[in-house]
Amino acid sequence: MRAIVVSANGGPEVLAYTDDHPDPEPNPGEVLVEVAASGVNFIDVYHRIGRYQLSLPFVPGEEGAGTVAAVGEDVRDVAVGDTVAWSSVPGSYASRIAVPTSKLLAVPEGVTAEVAAAVTLQGLTAHYLTHSTYEVKAGDDVLVHAAAGGMGLLLTQVAKMRGARVIGTVSTEEKEILARQAGADEVFRYRGFADAVRDLTGSGVHVVYDGVGAATFDESIASLRPRGMMALYGQASGPVPPLDPQILARNGSLFLTRPTLGSYIATRDELTWRASDLYGWVASGKLRVHVSERYPLAEAARAHQDLEARRTTGKVLLIP
Ligand SMILES: NC(=O)c1ccc[n+]([C@@H]2O[C@H](COP(=O)([O-])OP(=O)(O)OC[C@H]3O[C@@H](n4cnc5c(N)ncnc54)[C@H](OP(=O)(O)O)[C@@H]3O)[C@@H](O)[C@H]2O)c1
């Protein structure tokens, strides 16, 4: 089958394409899927460079969607020909993948495989961040960094659905337009954003969704109102250095969390609750999925270069 293989950690050039990778076989409890599209996520960069260690060699990618080609023993409720999606399943940059049914999601009518590949991982993340990590309420002020990115456009829309005022940060005018189209009420550049947020809100925001990390952390803390929630959910600009918990006291009894998707879809019930909300919003047109780039699988290296250089907006897909 076709796949990307990483044999050593490093830059985008270590994403080596092959059309001769061994085909996976579905074990009991797994299904074999013919992949229609694989989602590119920032975590794939962390895996590639070795910030989060995987044992080498590995096929990167955690997300995708496609058509069931075969089912393993003991598999019920899934049939050959079904359209399915998944997240948090390693080895997704490939034309075929064996997916455990515990991670498998049925893609409903009204959602294409490509859209499911684009929305599943980041959409589930936007769901847990706004419904569980901090339950966004009508009238809340919410700060979303990288508001035109894959996560940012979804977080902005979901926070708006819940009735919040959304303040976004972005690096360019083109990204500002996209963030506003997604519903952001105010959009700032990064320089001095904490002052701009305080001027706008008075006492600061209820929650910051910060996937940028090192470059934004201090000002994110300074943007919060007393007892506000700092949801540090990523580190696109680099890891946040160790910190003194007293900064939470000094800034008004703040909460700091470093959440990961795995902890919020740990049970099948929680996964299917979030996925059913998510796909329902997409099918009904409440949530728009912006796929900015589709690269052939063989050009995964170019996809990573563009993502890391901040050239992409919304979702990036690989087509095997
Ligand atoms: N914890 C979880 O459960 C979870 C799940 C999914 C994603 N995430 C995290 O969410 C974040 C966003 O992921 P994504 O896949 O949606 O990516 P993305 O937002 O589409 O791309 C990253 C964006 O971050 C901004 N950025 C700021 N400084 C940057 C820098 N030095 N280098 C690169 N980008 C920089 C850029 O937007 P501007 O140009 O507008 O600044 C860039 O477009 C990542 O940190 C990822 O790890 C976490």
# chains A, B, ... in the order shown; residues from 1 in each chain; ligands from 1
$ residues_around --residues "A:Arg96" --least-positions-apart "4" --cutoff "8 Å" --atoms "only C-alpha atoms" --output "PyMOL selection string"
chain A and resi 1-2+23-24+32-35+92
$ closest_atom_pairs --of "chain A" --to "ligand 1" --cutoff "8 Å" --atoms "only C-alpha atoms and all ligand atoms" --output "CSV"
residue,atom,partner,partner_atom_place_in_ligand_line,distance
A:Val40,CA,ligand 1,15 (O),6.8
A:Asn41,CA,ligand 1,15 (O),3.9
A:Phe42,CA,ligand 1,15 (O),4.0
A:Ile43,CA,ligand 1,47 (O),5.0
A:Tyr46,CA,ligand 1,47 (O),7.8
A:Leu121,CA,ligand 1,6 (C),6.4
A:Gln122,CA,ligand 1,6 (C),5.1
A:Thr125,CA,ligand 1,5 (C),5.3
A:His145,CA,ligand 1,41 (O),7.2
A:Ala146,CA,ligand 1,40 (O),4.1
A:Ala147,CA,ligand 1,40 (O),6.3
A:Ala148,CA,ligand 1,40 (O),6.0
A:Gly149,CA,ligand 1,20 (O),3.4
A:Gly150,CA,ligand 1,16 (O),3.6
A:Met151,CA,ligand 1,16 (O),3.7
A:Gly152,CA,ligand 1,19 (O),6.0
A:Thr169,CA,ligand 1,40 (O),6.5
A:Val170,CA,ligand 1,40 (O),3.5
A:Ser171,CA,ligand 1,40 (O),4.2
A:Thr172,CA,ligand 1,40 (O),6.5
A:Lys175,CA,ligand 1,40 (O),6.3
A:Tyr190,CA,ligand 1,41 (O),7.7
A:Asp210,CA,ligand 1,11 (C),7.7
A:Gly211,CA,ligand 1,45 (O),4.0
A:Val212,CA,ligand 1,27 (C),5.1
A:Gly213,CA,ligand 1,45 (O),7.1
A:Ala215,CA,ligand 1,28 (N),6.8
A:Leu232,CA,ligand 1,1 (N),7.7
A:Tyr233,CA,ligand 1,1 (N),4.1
A:Gly234,CA,ligand 1,45 (O),3.3
A:Gln235,CA,ligand 1,45 (O),4.2
A:Ala236,CA,ligand 1,45 (O),4.2
A:Ser237,CA,ligand 1,31 (N),3.4
A:Gly238,CA,ligand 1,31 (N),6.8
A:Arg258,CA,ligand 1,1 (N),7.2
A:Pro259,CA,ligand 1,1 (N),5.2
A:Thr260,CA,ligand 1,3 (O),3.7
A:Leu261,CA,ligand 1,3 (O),3.7
A:Gly262,CA,ligand 1,3 (O),7.1
A:Leu307,CA,ligand 1,21 (O),5.8
A:Glu308,CA,ligand 1,33 (C),4.6
A:Ala309,CA,ligand 1,33 (C),5.8
A:Arg310,CA,ligand 1,43 (O),4.0
A:Arg311,CA,ligand 1,43 (O),6.4
A:Thr312,CA,ligand 1,43 (O),5.8
A:Thr313,CA,ligand 1,20 (O),5.8
A:Gly314,CA,ligand 1,20 (O),5.6
A:Lys315,CA,ligand 1,20 (O),6.3
A:Val316,CA,ligand 1,20 (O),7.7
$ write_last_selection --atoms "C-alpha atoms" --output "PDB file, in the first residue's frame"
ATOM      1  CA  VAL A  40      -2.861  16.613   9.120  1.00  0.00           C
ATOM      2  CA  ASN A  41      -2.555  17.832  12.711  1.00  0.00           C
ATOM      3  CA  PHE A  42       0.109  19.706  14.608  1.00  0.00           C
ATOM      4  CA  ILE A  43       0.691  16.640  16.785  1.00  0.00           C
ATOM      5  CA  TYR A  46       5.620  16.889  17.322  1.00  0.00           C
ATOM      6  CA  LEU A 121      -9.876  15.192  15.626  1.00  0.00           C
ATOM      7  CA  GLN A 122     -10.044  18.968  15.820  1.00  0.00           C
ATOM      8  CA  THR A 125     -11.155  18.743  20.621  1.00  0.00           C
ATOM      9  CA  HIS A 145      -5.445  32.056  19.572  1.00  0.00           C
ATOM     10  CA  ALA A 146      -4.580  31.172  15.961  1.00  0.00           C
ATOM     11  CA  ALA A 147      -8.255  31.739  15.233  1.00  0.00           C
ATOM     12  CA  ALA A 148      -7.930  30.947  11.505  1.00  0.00           C
ATOM     13  CA  GLY A 149      -6.151  27.627  12.072  1.00  0.00           C
ATOM     14  CA  GLY A 150      -7.710  24.173  12.013  1.00  0.00           C
ATOM     15  CA  MET A 151      -8.556  24.314  15.712  1.00  0.00           C
ATOM     16  CA  GLY A 152      -9.212  28.045  15.757  1.00  0.00           C
ATOM     17  CA  THR A 169      -5.730  36.415  17.479  1.00  0.00           C
ATOM     18  CA  VAL A 170      -4.145  35.866  14.049  1.00  0.00           C
ATOM     19  CA  SER A 171      -0.943  36.838  12.238  1.00  0.00           C
ATOM     20  CA  THR A 172      -2.286  38.223   8.944  1.00  0.00           C
ATOM     21  CA  LYS A 175      -6.496  35.107   8.508  1.00  0.00           C
ATOM     22  CA  TYR A 190      -0.487  39.002  18.736  1.00  0.00           C
ATOM     23  CA  ASP A 210      -4.160  28.677  23.804  1.00  0.00           C
ATOM     24  CA  GLY A 211      -2.683  26.196  21.318  1.00  0.00           C
ATOM     25  CA  VAL A 212       0.254  28.476  20.493  1.00  0.00           C
ATOM     26  CA  GLY A 213       2.123  27.968  23.764  1.00  0.00           C
ATOM     27  CA  ALA A 215       4.908  32.783  22.429  1.00  0.00           C
ATOM     28  CA  LEU A 232      -3.182  25.478  27.320  1.00  0.00           C
ATOM     29  CA  TYR A 233      -4.042  22.819  24.768  1.00  0.00           C
ATOM     30  CA  GLY A 234      -1.008  22.995  22.457  1.00  0.00           C
ATOM     31  CA  GLN A 235       2.350  24.500  21.708  1.00  0.00           C
ATOM     32  CA  ALA A 236       2.650  25.397  18.019  1.00  0.00           C
ATOM     33  CA  SER A 237       5.317  28.026  18.866  1.00  0.00           C
ATOM     34  CA  GLY A 238       7.179  25.797  21.332  1.00  0.00           C
ATOM     35  CA  ARG A 258      -3.060  21.216  29.981  1.00  0.00           C
ATOM     36  CA  PRO A 259      -5.774  19.027  28.451  1.00  0.00           C
ATOM     37  CA  THR A 260      -5.419  16.291  25.830  1.00  0.00           C
ATOM     38  CA  LEU A 261      -8.102  14.722  23.647  1.00  0.00           C
ATOM     39  CA  GLY A 262      -7.372  11.194  24.931  1.00  0.00           C
ATOM     40  CA  LEU A 307       1.711  24.071   8.386  1.00  0.00           C
ATOM     41  CA  GLU A 308       4.860  24.905  10.347  1.00  0.00           C
ATOM     42  CA  ALA A 309       5.489  28.080   8.331  1.00  0.00           C
ATOM     43  CA  ARG A 310       1.967  29.315   9.226  1.00  0.00           C
ATOM     44  CA  ARG A 311       0.975  29.320   5.551  1.00  0.00           C
ATOM     45  CA  THR A 312      -2.143  27.179   6.006  1.00  0.00           C
ATOM     46  CA  THR A 313      -5.600  28.081   7.277  1.00  0.00           C
ATOM     47  CA  GLY A 314      -8.319  25.729   8.468  1.00  0.00           C
ATOM     48  CA  LYS A 315      -7.757  22.066   7.745  1.00  0.00           C
ATOM     49  CA  VAL A 316      -4.986  20.400   5.762  1.00  0.00           C
TER      50      VAL A 316
END
$ closest_atom_pairs --of "stretch 48-93 of chain A" --to "stretch 99-109 of chain A" --cutoff "6 Å" --atoms "only C-alpha atoms" --output "JSON lines"
{"residue": "A:Thr83", "atom": "CA", "partner": "A:Val107", "partner_atom": "CA", "distance": 5.6}
{"residue": "A:Val84", "atom": "CA", "partner": "A:Ala106", "partner_atom": "CA", "distance": 4.7}
{"residue": "A:Ala85", "atom": "CA", "partner": "A:Leu105", "partner_atom": "CA", "distance": 5.2}
{"residue": "A:Trp86", "atom": "CA", "partner": "A:Leu104", "partner_atom": "CA", "distance": 5.3}
$ closest_residue --among "A:Ser38, A:Arg76, A:Ala8, A:Gly91" --to "A:Pro60" --atoms "only C-alpha atoms"
A:Gly91
$ residues_around --residues "A:Ala117" --least-positions-apart "6" --cutoff "9 Å" --atoms "only C-alpha atoms" --output "list in words"
Ala36, Ala37, Ser38, Gly39, Glu63, Gly64, Ala65, Gly66, Ala85, Trp86, Ser87 and Leu317 of chain A
$ residues_around --residues "A:Asp218" --least-positions-apart "3" --cutoff "10 Å" --atoms "only C-alpha atoms" --output "list in words"
Ala194, Gly213, Ala214, Ala215, Ile221, Ala222, Ser223, Val240 and Ile247 of chain A
$ select_by_dssp --residues "stretch 37-286 of chain A" --states "strand (DSSP E)" --output "ChimeraX atom specification"
/A:37-40,63-71,83-86,96-100,105-106,141-144,165-169,186-188,205-210,224-232,255-257
$ select_by_dssp --residues "stretch 81-302 of chain A" --states "alpha helix (DSSP H)" --output "JSON, numbers by chain"
{"A": [113, 114, 115, 116, 117, 118, 119, 120, 121, 122, 123, 124, 125, 126, 127, 128, 150, 151, 152, 153, 154, 155, 156, 157, 158, 159, 160, 161, 173, 174, 175, 176, 177, 178, 179, 180, 181, 193, 194, 195, 196, 197, 198, 199, 200, 201, 217, 218, 219, 220, 221, 222, 246, 247, 248, 249, 250, 261, 262, 263, 264, 268, 269, 270, 271, 272, 273, 274, 275, 276, 277, 278, 279, 280, 281, 282, 283, 284, 300, 301, 302]}
$ atom_distance --atom1 "atom CA of A:Tyr209" --atom2 "atom CA of A:Val45"
20.0 Å
$ closest_residue --among "A:Ser203, A:Ser263, A:Ser7, A:Thr67" --to "A:Glu114" --atoms "only C-alpha atoms"
A:Thr67
$ atom_distance --atom1 "atom CA of A:Ser253" --atom2 "atom CA of A:Pro226"
6.0 Å
